[in-house]
Structures are given as C-alpha cells and as structure tokens.
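For reference, the structure discussed in these notes is given below.
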Amino acid sequence: MTRWIFLCLLLALPAWGAVGDPNERLADPAKEALARDIGRELRCLVCQNQSIEDSDAQLARDLRRLVRERVAAGEDQTAVIRFVHERYGDFVLLRPPVTAATMLLWATPVLALGGGIAVIMFRRRRAMAEAAALSPDEAKRLAELDRGAA
Amino acid sequence: MIGEIGHFALALGCILALVQAILPLIGAHRADARLMALASPLAGAQLIAIASAFGALLWAFAVNDTTVSNVVLNSHSQKPLLYKFSGAWGNHEGSMVLWVLILALCGGAVAGFGRDLPSALQARVIGILGLIAVGFLGFIIFTSNPFERVWPPPMDGQGLNPILQDPGLAFHPPMLYLGYVGYAVTFAFAVAALLEGRVDAAWGRWVRPWSLAAWSFLTLGIALGSWWAYYELGWGGYWFWDPVENASLLPWLIGTALLHSAIVVEKRESLKIWTVLLAILAFGMSLLGTFLVRSGVLNSVHAFANDPARGVFILALLMAYVAGALALFAWRAPKLGGTGIFAPISREGGLVLNNLLLCSIAAVVLVGTLWPMFADIMFGAKISVGAPFFNAATAPLAIPLVAAMAVGPLLAWKRADLAGALQRLWWVGALAVASAFLTLLVAGYHVLPALGFAAAAWLIGGATADLLDRIAAFRRPSQAWNRARGLPRAAWGSAIAHAGMGVTFAGLAGMGLATDTLVALKPGEATQLAGYEWRLERIRDVQGPNWSARRATVTVLDGGRVVTVLEPEKRFFPVGRMNTTEAAIHTNALRDLYAVLGDERDGGGVLRLHHNPLAPWIWFGAVIMALGGGLSLSDRRIRVSAPSRKAAAATA
Amino acid sequence: MSDNAPPKRPRRWMLYAPLGLAAAAGAGFYAMLQGLQDGSYDPRGVPSVLLGKPAPEFSLPALESVALPALAAEDLRGPLPGPVLVNFWASWCAPCIIEHPQLMRLSREGVAVYGINYKDRIPEAGAFLQRHGNPYRRLGRDEPGRTAIDWGVYGVPETYLLDRQGMIRWRWAGPITADTLENELRPLLRRYA
C-alpha cells in the first residue's frame with residue numbers, strides 16, 4: 001500500500017530537503033488555513049495520488065508557494081483553483097468537476113441508495129403478496145419446513 | 001537446491017489442488033462418499049506442499065541465497081533477519097506464495113475444523129478452494145516464479161526498499177492477506193450453496209465465523225497499513241484515499257455487510273440470496289484489489305513490477321471465479337428462495353438498512369476508484385478522484401449508518417418498537433449532543449470534529465446501552481451480574497466492535513483538531529505549539545545496522561517540566577542510496593507529539609511539529625473492533641452449533 | 001425442495017445484473033491492459049491543456065554561463081521559419097542525459113530547439129552543456145519554476161512542439177528516446193514543416 005511514494009523518491013527531483021520551508025507559510029493563520037484547504041483540492045502531478053499539501057515533490061512545493069502568493073494577494077478559493085486548472089487541466093483537481101464524463105460518478109451515492117431502496121421495496125412487495133397467497137409450491141415447502149423444525 | 005525443492009513443492013501443490021478441485025466436487029455431485037472423503041486429506045497434503053515452498057523461500061532469504069533472483073532484487077546480507085523475512089513477502093512473487101499459503105491454510109482449517117459439516121457441503125467447499133488454488137498456483141508457476149535462478153550470482157542483493165523495513169509493514173501484508181483470503185472461504189461456501197441449491201441456518205452458522213475471522217484480520221491489516229503511513233511517511237496523515245488503500249477498504253465494506261446479513265440468515269433464514277451475493281462480492285473485491293495492484297492499470301505507482309501478461313492472467317482468474325460465480329448465482333439463486341417477512345422497523349430491517357448503506361458506500365468507493373480509468377478509456381478524459389470527492393460522497397451515507405448503528409441492536413426481531421428503543425437511548429443522544437457542544441465550546445468552530453465526537457459518544461454510549469439493556473441492569477439489578485455472565489459472547493462481541501468504531505471516530509475527530517507548525521530552529525532555540533514548548537537541543541550523526549542518519553534531539557516542555565525528548569531522524573541507506581525520514585512520536589494515549597526533521601541550514605534545522613489529539617485512538621479502535629470480532633468468533637453457540645445439529649439429524 | 005421450474009417470477013433480470021456489471025468491468029479492464037501494451041492507455045499520462053494554443057506569456061533571462069540568447073514568448077509567436085521544439089531540462093535530471101543525443105541530432109539537422117533550464121544552478125547547467133554538447137538556439141533560465149507551471153510542466157524533461165503559426169501541437173513528458181524521435185516526433189516535424 002501507498003507505494004506511490006517510491007515515485008517521489010525515485011524521480012530524484014532536486015533533493016533539497018523533505019519537510020518544506022517555514023518561509024513558505026503565511027503569517028496570517030486564516031489565510032494559511034485557506035491556502036491549505038485549496039492545496040488539499042489540488043493534486044501533486046508528480047506523486048500522482050497526493051495533494052500538493054501532502055507532497056514533498058519540488059513541483060508540489062512550487063504550487064504550494066504559488067497558492068500562498070495568490071491567497072496573500074487576496075484571491076479566493078475559486079480564483080486560485082481556476083488559475084491552476086487553466087494550466088494543468090481537469091487532472092489536477094482532486095474533486096472532479098461535474099461534466100458529462102463525471103455525471104455518473106457524482107450520481108453514484110444517489111443511484112446506489114435509490115437503486116437499493118427500489119430493490120428492497122420491490123422484493124418486499126412481492127414477499128408480502130406471496131405471503132398473502134401461498135402458491136401450492138410454497139405451501140408444500142412450508143410443510144417441509146414445519147416437518148424439519150419438528 | 002532448496003530453491004528447486006521449493007519450485008517442485010509449488011508444482012506438486014498445484015497438482016494436488018487440481019485433484020482437490022475435481023474429485024470432491026464430482027463426489028458431492030454423485031453423492032459418492034469415498035470421493036468426498038478425499039477432500040480433507042487432499043487439502044492437508046496441499047497445505048504441506050505449499051508450506052514447504054514457502055519455507056524454501058524464507059530459507060533463501062534467510063541465508064541470502066544470491067542465486068535466486070528474487071533475493072537479489074529484494075534483499076541484502078546486511079539486513080536484520082526480520083526484514084529478510086518480510087522482504088520475502090514484500091515483493092510480487094513472494095507475496096503471491098504467501099497468498100496461496102494462506103489459502104491452503106484456510107483449506108486445511110475447513111478440513112480440520114469442518115468434520116461436523118454435512119459431508120457434501122464440506123467436499124464442495126474444499127473443492128472450490130482447490131479450484132481457486134489451482135488458478136493462483138498456475139499464475140505463480142507460469143508468470144511469477146519466486147525461485148528463478150540467476151547465474152552467475154551477484155556478490156550481494158540490491159536491498160529492500162528502506163521505507164518497507166519496518167515492523168508495522170512486515171506484518172501488514174500477512175494480516176491483509178488473512179482477510180482477503182478468508183473471504184475465499186465464504187465465497188466457497190456461497191458457491192457450494194448455489195451448487196446444492198440450499199441455504200439454511202446451519203450454512204449461516206458456518207459462514208459467520210469465517211466472515212468474522214476474515215473481517216477481524218482485514219480490520220487489523222488495514223489499521224496496520226494506516227498506522228504505518230502515519231508514523232513512517234512523516235506527514236501525520238493516516239488515510240489518503242489512494243486507489244491501493246481503497247482496494248483494501250472495498251472487501252472490508254462488503255465483508256462488514258456480509259457479517260451482518262449472515263446473522264439474518266442464521267437467526268431468521270431470510271436474506272439468503274442477498275447474503276450469497278455478498279459472499280461472492282467480498283471475495284470478488286479481494287481479487288479486484290489483487291488485479292488493480294498487480295496489473296499496472298491503476299494510477300498508483302507501487303513496487304510490484306507491471307507485466308501486462310500478469311495482468312491478463314489475473315484478469316482471467318478474476319473473471320473465471322467472480323463472473324463464473326455470478327453466472328451460477330443468476331442461474332441458481334431463485335432456488336434459494338425464502339424471503340422471510342418482517343416489519344421495516346425490526347432487527348432485520350435495521351440490518352437491511354446497514355447493508356444498504358454499507359453497500360452504497362462501497363459503490364461510491366468502487367466507482368470513485370475505477371472512474372478515472374474508465375473515464376479514460378470511454379471518454380478519453382483524464383480526471384482525478386481524490387480525498388475531497390470521497391469525503392463529500394461518503395459522508396452523507398456514513399451519517400445515517402452511524403445513527404442506525406446504535407439503534408439497530410436494540411430492536412427486536414420481526415417487529416420492533418422504535419420509540420421504545422429510542423427511549424432507552426435518550427441519555428446516549430443527550431451525551432452525543434453534549435459532546436458536540438463541548439467540542440465547539442472548547443476547540444472553537446470546528447463542525448466536523450464536533451460531529452465526529454458526537455458519533456463517538458453515540459456509538460460507545462449505544463453499545464453500553466445495548467449491554468445494560470441485555471443484562472437488565474435497571475430492571476433487575478440484582479440479577480445483572482449473572483445475566484452478564486450468561487450473555488452470549490456474540491452479544492459482547494458486537495457491542496465491543498460497535499464501541500470500537502466509536503473509539504475510531506473519536507480518533508478521527510481528534511485528528512480534525514490537530515495543529516502543526518513548520519519552524520527553522522538553531523540548537524537551543526524553542527518554539528510554541530499547542531501549549532508546549534519545543535526546544536531543539538542538537539543535531540548529530542548516528543549509525544544504524546544498515547543506515548546512517550542525522551538525528552535531532554527535541555525536548556518538549558510543559559510549563560518548564562520536561563514532557564519528553566523526541567529524536568526525529570533523516571536516515572540514509574547506502575544500499576539503494578535512499579533517504580527516509582523517521583518521525584519521532586510521543587504518545588500518552590490522549591495525544592501524540594510528532595516531530596519530523598527537514599533540511600539543515602545555518603547550523604540549525606527545519607522541524608515540522610504536530611500535536612495530534614487522540615490520534616492513537618484511530619488504530620486502537622480498530623484493534624477493539626477486531627477483538628470484538630474475535631470474541632464473537634469464540635461464542636460457544638458458533639462452535640457447538642454444527643455438531644448439535646448433526647446429532648439432531650442423527651436422532652431424527 | 002422441488003426441482004419444478006420456478007414459478008413465473010417477474011424481473012429475474014435483477015439476478016443477472018451483478019453478472020452484467022462484472023462482465024462490463026472485465027471488458028473495460030481488458031481494454032486497459034491492451035491499451036497499456038499498445039500505448040493507447042497510460043494511467044499516468046497528463047494531457048497538456050496547451051495543445052492547439054499558443055505558448056503562454058513569459059520572459060526568461062539567459063543563462064549566464066552560456067553564450068546563448070534568452071527566451072521569451074515573443075520568440076515563439078508565429079509566423080516562424082519552421083517548427084520549434086521547446087525543451088525543459090536540468091543538469092540534475094538523469095533522463096535528460098538519455099534524451100540529449102536526440103536533441104543534438106535534431107539540432108544538427110537544423111531543427112530549432114529552444115531550451116528552458118528548470119530549477120538549476122548556473123555552473124552545473126553550463127558544465128552539462130559543455131560535457132554533452134549544446135543543442136539549443138535560445139536558452140532561458142527558469143530558476144523559480146514559474147514559467148514551467150505556466151506551461152503545465154510536471155517534471156523534467158518535457159518537450160513541446162510548436163508549428164509555424166506558433167501553436168503548440170505536441171507535448172512529450174519524459175525523455176525523447178531514439179524510438180520516440182523516429183516514431184512520434186519525425187512524422188510531426190514533417191507534417192508541420
């Protein structure tokens with residue numbers, strides 16, 4: 001699990017440390033928090049399954065710095081994300097935008113839940129109907145069950 | 001020589017598995033007792049063969065036999081013995097041998113513990129396990145020989161990736177595989193039931209312990225992996241919704257649903273078709289994970305070599321077993337029949353709701369994990385699905401699930417009184433609301449942690465209320481002790497597992513309040529975080545068995561009193577020329593102090609410091625859940641049910 | 001249990017739904033495995049949003065240790081005398097050494113190769129070109145890596161092909177091997193010549 005870190009290590013981007021730079025953080029806690037929220041929405045393209053906030057890759061650091069500069073300049077979340085999106089495309093967004101290609105993806109919770117409820121309702125109605133009127137087959141089975149239980 | 005013996009043992013195991021797959025199934029079909037009686041000895045023989053092969057592989061790693069290419073690629077003479085062994089299963093070929101070994105162990109267990117099973121059912125189950133073993137042994141022998149020789153042998157191996165040289169990760173794969181492969185047994189029971197055209201309470205009683213065991217191991221395996229990510233990767237994160245992580249979560253979600261629906265089969269002979277489907281899907285998800293991790297189709301870079309031929313082979317196995325079982329399901333399931341009647345508000349109704357929500361969450365995780373790949377081949381769209389999607393899409397399903405988790409166990413079978421159950425939970429509800437408000441009051445405006453603590457209080461309180469109710473602590477306090485002793489272990493187990501989930505929620509909520517800072521300190525300088533003073537004393541060189549490191553010494557003070565001394569390291573492994581960061585963690589069970597060393601500059605160093613409230617509870621909760629599973633497993637009713645049934649059948 | 005044909009049960013198809021879904025997923029996975037082999041499916045490839053667009057606005061300084069003109073977006077605006085390659089590279093990047101002979105060959109054949117030196121130190125970058133040869137007509141120095149972000153670069157080496165109108169037509173992430181040169185790049189160079 002989580003073996004993608006190898007790529008980060010193997011790609012051998014300049015290994016100037018691995019923890020980040022204190023200077024890169026914003027002094028204003030509210031703006032730093034906003035920058036982090038934005039960073040968690042953006043994918044590090046080198047360590048491909050991490051957000052730029054979680055990654056030590058050089059590109060992730062650059063993007064972190066870029067996000068903080070734009071936040072410091074007063075841009076809101078939408079604007080900063082749009083800026084990065086314009087350069088790296090849909091791939092950089094960890095929350096996929098709702099498009100024709102992702103409609104089904106976003107509909108999954110509703111479809112799964114709705115489909116499940118429909119199946120349960122359907123089966124329940126049939127079970128009720130069957131219980132109301134036992135077919136000869138089922139009457140026989142019921143008798144068998146009774147005998148088994150005895 | 002040892003390598004050839006191992007290779008031969010694998011081939012022998014494959015042949016035995018083939019015989020194990022054919023003869024008992026024919027025997028069960030023809031009701032031929034002699035053929036059916038072959039099932040258990042064959043399963044035992046196959047286990048011996050596979051265990052020999054695995055032993056040979058361990059031996060090759062232990063003595064650092066550099067004529068075996070697998071050893072050369074994944075081991076080194078200077079490695080501690082534990083990591084020589086874990087290196088044996090830390091690679092594609094070796095991990096597959098571990099996989100089939102556990103499968104053979106399961107087969108042996110069904111043969112050994114299953115003497116009281118109806119012989120046809122036992123023969124079919126063992127036969128199907130043999131069928132699964134044939135496929136995977138064939139896969140190993142034809143595409144992934146772990147005993148491949150290299151000549152001339154190199155002087156030494158290339159070493160195991162240092163990030164994997166860790167006790168947590170040494171035991172992570174075996175735990176995970178015990179879970180994955182455990183679902184092979186419930187799968188075999190499901191297929192056997194479809195072949196027989198019969199599912200009854202006895203079947204449910206046999207499937208439950210297996211699904212409990214698999215679930216407990218899988219819970220521990222996932223927790224170990226998450227814990228490893230937390231302390232080893234040094235970001236203080238514990239779950240990243242990486243596709244490989246999701247691949248292990250899917251069988252867990254389906255397996256949890258199976259665990260609950262099997263209760264309905266056992267107690268009420270209802271939900272039979274659905275439970276059989278879940279048993280097939282739980283193993284299907286395990287195989288899907290194997291396929292995703294080893295075929296290279298995933299956008300997750302992992303250590304296993306991506307050979308398309310292997311991918312096609314595993315896909316063929318996946319389709320043969322899962323699609324085969326689902327085809328059998330579509331054909332035979334109507335024979336299983338029998339949907340019992342129950343009111344929507346009843347224990348059964350609660351378990352149906354549990355299944356509905358768990359399976360919906362599983363659907364979200366499955367679709368979210370696979371969507372980027374399918375969007376690529378279907379629409380040519382390159383998209384990412386990450387944590388923000390999974391959090392947003394699963395939370396609305398998880399909230400009602402948690403809400404129902406405390407109520408369900410208080411409902412009676414067939415028809416229940418919801419108002420009565422809620423009445424018994426009024427103090428739990430008050431506790432949950434109070435927890436949420438207390439969080440907001442103490443920690444400020446943090447909605448998700450407040451919800452998390454409410455969930456934790458609701459679940460732990462709910463489990464307590466359930467137990468108090470069962471022992472009638474309020475109605476007849478004088479008999480409570482006796483009733484508590486008489487309470488079936490399964491009841492204790494389920495309450496403890498539910499409470500364990502609550503503990504995990506508390507940990508997650510605590511992590512939602514985590515704080516951290518990134519500072520550059522010179523020796524002697526200090527910084528403040530979460531009310532503690534963190535002082536860097538020095539940074540120096542240290543030497544380990546197969547690494548050298550820079551180690552920082554950080555003293556953490558609380559009002560002048562020394563709380564702990566943290567020593568984060570940056571290790572360098574000369575073999576493989578790799579760097580790792582070793583976080584230093586101090587825990588007092590209520591919070592973790594967590595330090596990571598970064599660059600050094602101007603005589604000082606960059607430190608990332610974290611204060612993680614309740615962090616250990618995340619994994620502690622998982623251990624409690626697994627304990628609950630184990631306790632249910634040891635329930636007398638589960639152990640003695642089968643023989644008593646047989647005795648009843650004999651006297652009838 | 002009787003073996004009679006089950007009573008007429010409507011919607012038996014519900015029992016076939018799991019099989020159908022599994023079969024569809026299997027077909028998809030098979031297509032992915034085929035795609036992995038013939039290169040049409042690459043789970044890690046990130047498409048460039050710049051295809052069909054002109055180069056983004058930028059202006060980079062020259063590399064002090066090398067006597068080459070600097071590079072700016074104006075140098076990439078059409079009409080150009082021929083197709084242009086823009087190559088992001090660094091001296092610390094091992095794959096860049098692998099692709100360097102191919103760039104040298106193109107340069108000798110008269111293709112305009114422009115370089116952008118990414119996050120490098122000046123002496124090392126100069127030494128790299130001294131040792132391996134200089135394929136570049138122009139060379140910009142992107143020490144902060146901002147221009148690379150504007151181009152959507154996610155690692156070095158990365159190479160873009162611009163047609164005579166200055167439109168980006170092709171992007172290659174990773175080293176240009178001899179194989180890439182012959183099978184991918186040459187046909188494009190002919191088409192946009």
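Residues in the structure tokens are named by chain (A, B, ... in the order shown) and by number from 1 within that chain; ligands are numbered from 1 in the order shown.
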(request) Could you tell me, as a list in words, which residues of segment 65-143 of chain C DSSP assigns to alpha helix (DSSP H) when given the backbone? (result)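 Selecting the alpha helix (DSSP H) positions of segment 65-143 of chain C gives Ala94, Pro95, Cys96, Ile97, Ile98, Glu99, His100, Pro101, Gln102, Leu103, Met104, Arg105, Leu106, Ser107, Arg108, Ile122, Pro123, Glu124, Ala125, Gly126, Ala127, Phe128, Leu129, Gln130, Arg131 and His132 of chain C.
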Could you list the residues in chain B lying within 9 Å of chain C, using only C-alpha atoms, and format the result as a PDB file with C-alpha atoms, in the first residue's frame?
ATOM      1  CA  GLY B 197     -29.441 -25.153  -4.179  1.00  0.00           C
ATOM      2  CA  ARG B 198     -29.839 -24.741  -0.444  1.00  0.00           C
ATOM      3  CA  LEU B 277     -24.314 -12.443  -3.370  1.00  0.00           C
ATOM      4  CA  SER B 295      -1.627  -5.313 -13.354  1.00  0.00           C
ATOM      5  CA  GLY B 296      -0.435  -1.741 -13.841  1.00  0.00           C
ATOM      6  CA  VAL B 297      -3.849  -0.356 -14.881  1.00  0.00           C
ATOM      7  CA  LEU B 298      -4.021   1.761 -11.746  1.00  0.00           C
ATOM      8  CA  ASN B 299      -2.679   5.217 -11.389  1.00  0.00           C
ATOM      9  CA  SER B 300      -0.800   4.251  -8.281  1.00  0.00           C
ATOM     10  CA  VAL B 301       2.874   3.591  -8.510  1.00  0.00           C
ATOM     11  CA  PRO B 308       0.821  -6.963 -18.850  1.00  0.00           C
ATOM     12  CA  ALA B 309       0.971 -10.753 -19.225  1.00  0.00           C
ATOM     13  CA  GLY B 311      -2.417  -8.517 -15.722  1.00  0.00           C
ATOM     14  CA  VAL B 312      -4.180 -10.632 -18.359  1.00  0.00           C
ATOM     15  CA  LEU B 315      -7.989 -10.713 -15.083  1.00  0.00           C
ATOM     16  CA  ALA B 316      -8.719 -14.162 -16.481  1.00  0.00           C
ATOM     17  CA  LEU B 318     -10.902 -12.720 -11.674  1.00  0.00           C
ATOM     18  CA  MET B 319     -13.407 -13.264 -14.449  1.00  0.00           C
ATOM     19  CA  VAL B 322     -16.238 -13.947  -9.957  1.00  0.00           C
ATOM     20  CA  ALA B 323     -18.121 -13.887 -13.230  1.00  0.00           C
ATOM     21  CA  GLY B 324     -18.389 -17.681 -13.029  1.00  0.00           C
ATOM     22  CA  ALA B 325     -19.868 -17.491  -9.543  1.00  0.00           C
ATOM     23  CA  LEU B 326     -22.194 -14.645 -10.553  1.00  0.00           C
ATOM     24  CA  ALA B 327     -23.421 -16.636 -13.548  1.00  0.00           C
ATOM     25  CA  PHE B 329     -25.819 -17.096  -8.934  1.00  0.00           C
ATOM     26  CA  ALA B 330     -28.104 -15.791 -11.681  1.00  0.00           C
ATOM     27  CA  TRP B 331     -28.994 -19.339 -12.625  1.00  0.00           C
ATOM     28  CA  ALA B 333     -30.286 -18.159  -6.814  1.00  0.00           C
ATOM     29  CA  PRO B 334     -34.070 -18.474  -7.388  1.00  0.00           C
ATOM     30  CA  LYS B 335     -33.857 -21.938  -5.840  1.00  0.00           C
ATOM     31  CA  PRO B 372     -10.535   7.746 -13.724  1.00  0.00           C
ATOM     32  CA  MET B 373      -9.560   4.571 -15.556  1.00  0.00           C
ATOM     33  CA  PHE B 374     -12.948   4.072 -17.171  1.00  0.00           C
ATOM     34  CA  ASP B 376     -10.020   7.490 -19.774  1.00  0.00           C
ATOM     35  CA  ILE B 377     -10.900   4.513 -21.958  1.00  0.00           C
ATOM     36  CA  MET B 378     -14.539   5.505 -22.504  1.00  0.00           C
ATOM     37  CA  LYS B 382      -8.089  12.426 -17.789  1.00  0.00           C
TER      38      LYS B 382
END
(message) Could you work out which residues of chain C fall inside 8 Å of chain A? Count only C-alpha atoms, and format the result as a ChimeraX atom specification.
(response) /C:1-2,44,46-50,92-93,144-146,149-152,154-155
Can those selected residues be exported to a file as a PDB file, in the first residue's frame so that it contains C-alpha atoms?
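Final output, saved to selection_11.pdb:
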ATOM      1  CA  MET C   1     -37.157 -28.619  -2.312  1.00  0.00           C
ATOM      2  CA  SER C   2     -38.880 -29.422  -5.539  1.00  0.00           C
ATOM      3  CA  ARG C  44      -0.026   8.261 -15.580  1.00  0.00           C
ATOM      4  CA  VAL C  46      -1.296  14.010 -18.012  1.00  0.00           C
ATOM      5  CA  PRO C  47      -2.661  15.713 -21.126  1.00  0.00           C
ATOM      6  CA  SER C  48      -1.461  19.223 -21.855  1.00  0.00           C
ATOM      7  CA  VAL C  49      -4.131  21.892 -21.898  1.00  0.00           C
ATOM      8  CA  LEU C  50      -1.930  23.933 -24.248  1.00  0.00           C
ATOM      9  CA  TRP C  92      20.398  17.202 -12.113  1.00  0.00           C
ATOM     10  CA  CYS C  93      17.887  15.252 -14.170  1.00  0.00           C
ATOM     11  CA  PRO C 144      11.809  29.690  -9.688  1.00  0.00           C
ATOM     12  CA  GLY C 145       9.955  27.207 -11.917  1.00  0.00           C
ATOM     13  CA  ARG C 146       7.089  29.631 -12.559  1.00  0.00           C
ATOM     14  CA  ILE C 149       3.951  25.993 -14.140  1.00  0.00           C
ATOM     15  CA  ASP C 150       2.519  28.345 -16.761  1.00  0.00           C
ATOM     16  CA  TRP C 151       3.280  25.711 -19.369  1.00  0.00           C
ATOM     17  CA  GLY C 152       1.767  22.962 -17.237  1.00  0.00           C
ATOM     18  CA  TYR C 154       5.066  18.486 -14.167  1.00  0.00           C
ATOM     19  CA  GLY C 155       8.582  17.123 -14.425  1.00  0.00           C
TER      20      GLY C 155
END
(request) Name the residues in contact with Tyr192 of chain C at a cut-off of 12 Å, using only C-alpha atoms, excluding same-chain residues fewer than 6 positions from it; report them as a VMD selection string. (result) chain C and resid 80 to 85 111 161 to 170 185 to 186
(message) Near chain A, meaning an atom within 8 Å, which residues of chain B appear when counting only C-alpha atoms? Write them as a VMD selection string.
(response) chain B and resid 225 229 235 240 242 244 to 245 299 to 303 339 to 341 356 to 357 359 to 361 363 to 364 367 to 368 371 375 379 381 to 389 393 to 394 397 518 to 520 578 596 to 600 606 to 608
(message) What does the structure give for the distance between atom CA of Ala472 of chain B and atom CA of Pro409 of chain B, in Å to one decimal?
(response) 14.7 Å
(message) When you look at segment 113-120 of chain C with a cut-off of 9 Å (counting only C-alpha atoms), what residues show up, excluding the ones that are within fewer than 3 positions of it in the same chain? I need them as an MDAnalysis selection string.
(response) (chainID A and resid 14) or (chainID C and resid 60 63 71 84:92 103 106:107 110 123:125 135:145 147:148 156)
Using N, CA and C atoms, can you write the selected residues to a file as a compact mmCIF listing (two decimals), in the first residue's frame?
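Once written, out_7.txt looks like this:
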# COMPACT_ATOMS: atom_id res chain seq x y z
N PRO A 14 15.33 17.69 -7.34
CA PRO A 14 16.45 18.11 -6.52
C PRO A 14 16.15 17.87 -5.05
N LEU C 60 12.16 34.93 -19.98
CA LEU C 60 13.16 34.36 -19.09
C LEU C 60 14.53 34.97 -19.38
N LEU C 63 21.07 32.18 -19.54
CA LEU C 63 21.91 31.50 -18.56
C LEU C 63 23.29 32.14 -18.63
N LEU C 71 15.20 33.61 -23.80
CA LEU C 71 13.97 33.12 -24.44
C LEU C 71 12.76 33.80 -23.82
N VAL C 84 9.22 24.50 -34.08
CA VAL C 84 10.16 24.76 -33.00
C VAL C 84 9.91 23.76 -31.87
N LEU C 85 10.99 23.26 -31.28
CA LEU C 85 10.88 22.42 -30.08
C LEU C 85 11.27 23.26 -28.87
N VAL C 86 10.46 23.18 -27.81
CA VAL C 86 10.83 23.83 -26.56
C VAL C 86 11.05 22.72 -25.54
N ASN C 87 12.26 22.66 -25.01
CA ASN C 87 12.67 21.55 -24.15
C ASN C 87 12.98 22.06 -22.75
N PHE C 88 12.23 21.53 -21.74
CA PHE C 88 12.53 21.84 -20.34
C PHE C 88 13.52 20.80 -19.83
N TRP C 89 14.63 21.26 -19.25
CA TRP C 89 15.66 20.32 -18.81
C TRP C 89 16.38 20.86 -17.59
N ALA C 90 17.22 19.99 -16.99
CA ALA C 90 18.04 20.40 -15.86
C ALA C 90 19.26 19.49 -15.79
N SER C 91 20.33 20.00 -15.22
CA SER C 91 21.55 19.21 -15.16
C SER C 91 21.43 18.07 -14.15
N TRP C 92 20.53 18.23 -13.14
CA TRP C 92 20.40 17.20 -12.11
C TRP C 92 19.47 16.08 -12.55
N LEU C 103 18.35 15.31 -28.99
CA LEU C 103 18.25 16.76 -29.19
C LEU C 103 19.43 17.25 -30.04
N LEU C 106 18.76 16.42 -33.69
CA LEU C 106 17.79 17.32 -34.29
C LEU C 106 18.43 18.67 -34.58
N SER C 107 19.22 19.13 -33.62
CA SER C 107 19.85 20.43 -33.78
C SER C 107 20.79 20.42 -34.99
N GLY C 110 19.17 20.84 -38.20
CA GLY C 110 18.64 22.17 -38.48
C GLY C 110 17.30 22.47 -37.83
N PRO C 123 26.46 27.17 -12.70
CA PRO C 123 27.66 26.47 -13.15
C PRO C 123 27.38 25.04 -13.60
N GLU C 124 26.49 24.34 -12.85
CA GLU C 124 26.17 22.96 -13.22
C GLU C 124 25.52 22.89 -14.60
N ALA C 125 24.61 23.83 -14.86
CA ALA C 125 23.92 23.83 -16.15
C ALA C 125 24.93 24.06 -17.27
N PRO C 135 22.49 21.76 -27.80
CA PRO C 135 21.55 21.67 -28.92
C PRO C 135 20.69 22.92 -29.08
N TYR C 136 20.80 23.88 -28.16
CA TYR C 136 19.81 24.95 -28.09
C TYR C 136 20.21 26.19 -28.89
N ARG C 137 19.22 26.81 -29.54
CA ARG C 137 19.45 28.09 -30.19
C ARG C 137 19.23 29.24 -29.23
N ARG C 138 18.23 29.03 -28.39
CA ARG C 138 17.96 30.01 -27.35
C ARG C 138 17.82 29.25 -26.04
N LEU C 139 18.14 29.91 -24.96
CA LEU C 139 18.07 29.22 -23.68
C LEU C 139 17.62 30.19 -22.61
N GLY C 140 16.49 29.86 -21.99
CA GLY C 140 16.00 30.70 -20.89
C GLY C 140 16.25 29.98 -19.57
N ARG C 141 16.38 30.74 -18.51
CA ARG C 141 16.64 30.14 -17.21
C ARG C 141 15.42 30.35 -16.32
N ASP C 142 14.79 29.24 -15.94
CA ASP C 142 13.59 29.31 -15.10
C ASP C 142 13.95 28.78 -13.73
N GLU C 143 14.62 29.60 -12.94
CA GLU C 143 15.07 29.13 -11.63
C GLU C 143 13.87 28.95 -10.68
N PRO C 144 12.94 29.90 -10.62
CA PRO C 144 11.81 29.69 -9.69
C PRO C 144 10.82 28.62 -10.17
N GLY C 145 10.87 28.23 -11.43
CA GLY C 145 9.96 27.21 -11.92
C GLY C 145 8.57 27.74 -12.25
N THR C 147 7.62 29.68 -14.92
CA THR C 147 7.29 29.51 -16.34
C THR C 147 6.87 28.07 -16.60
N ALA C 148 7.56 27.15 -15.94
CA ALA C 148 7.20 25.74 -16.12
C ALA C 148 5.75 25.52 -15.69
N VAL C 156 10.80 17.24 -15.36
CA VAL C 156 11.72 17.36 -16.48
C VAL C 156 12.26 15.97 -16.81
(message) So that I can check the surroundings of Pro173 of chain B, please list as JSON, numbers by chain every protein, DNA and RNA residue that reaches within 9 Å of it, counting only C-alpha atoms and ignoring chain neighbours fewer than 3 positions away.
(response) {"B": [86, 89, 90, 95, 98, 169, 170, 176, 177, 178, 221, 225]}
(request) Could you give me, as an MDAnalysis selection string, the residues within 10 Å of Gly544 of chain B, counting only C-alpha atoms and dropping anything in the same chain fewer than 2 positions from it? (result) chainID B and resid 542 546:549 571:573
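Excluding Val71 of chain B itself and same-chain residues fewer than 5 positions from it, the residues having an atom within 8 Å of it are Ala60, Phe61, Asn64, Asp65, Thr66, His76, Ala88 and Gly157 of chain B, counting only C-alpha atoms.
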(request) as a count of residues only, list the residues of segment 429-582 of chain B assigned to strand (DSSP E or B) by DSSP on the backbone atoms of this structure. (result) 50
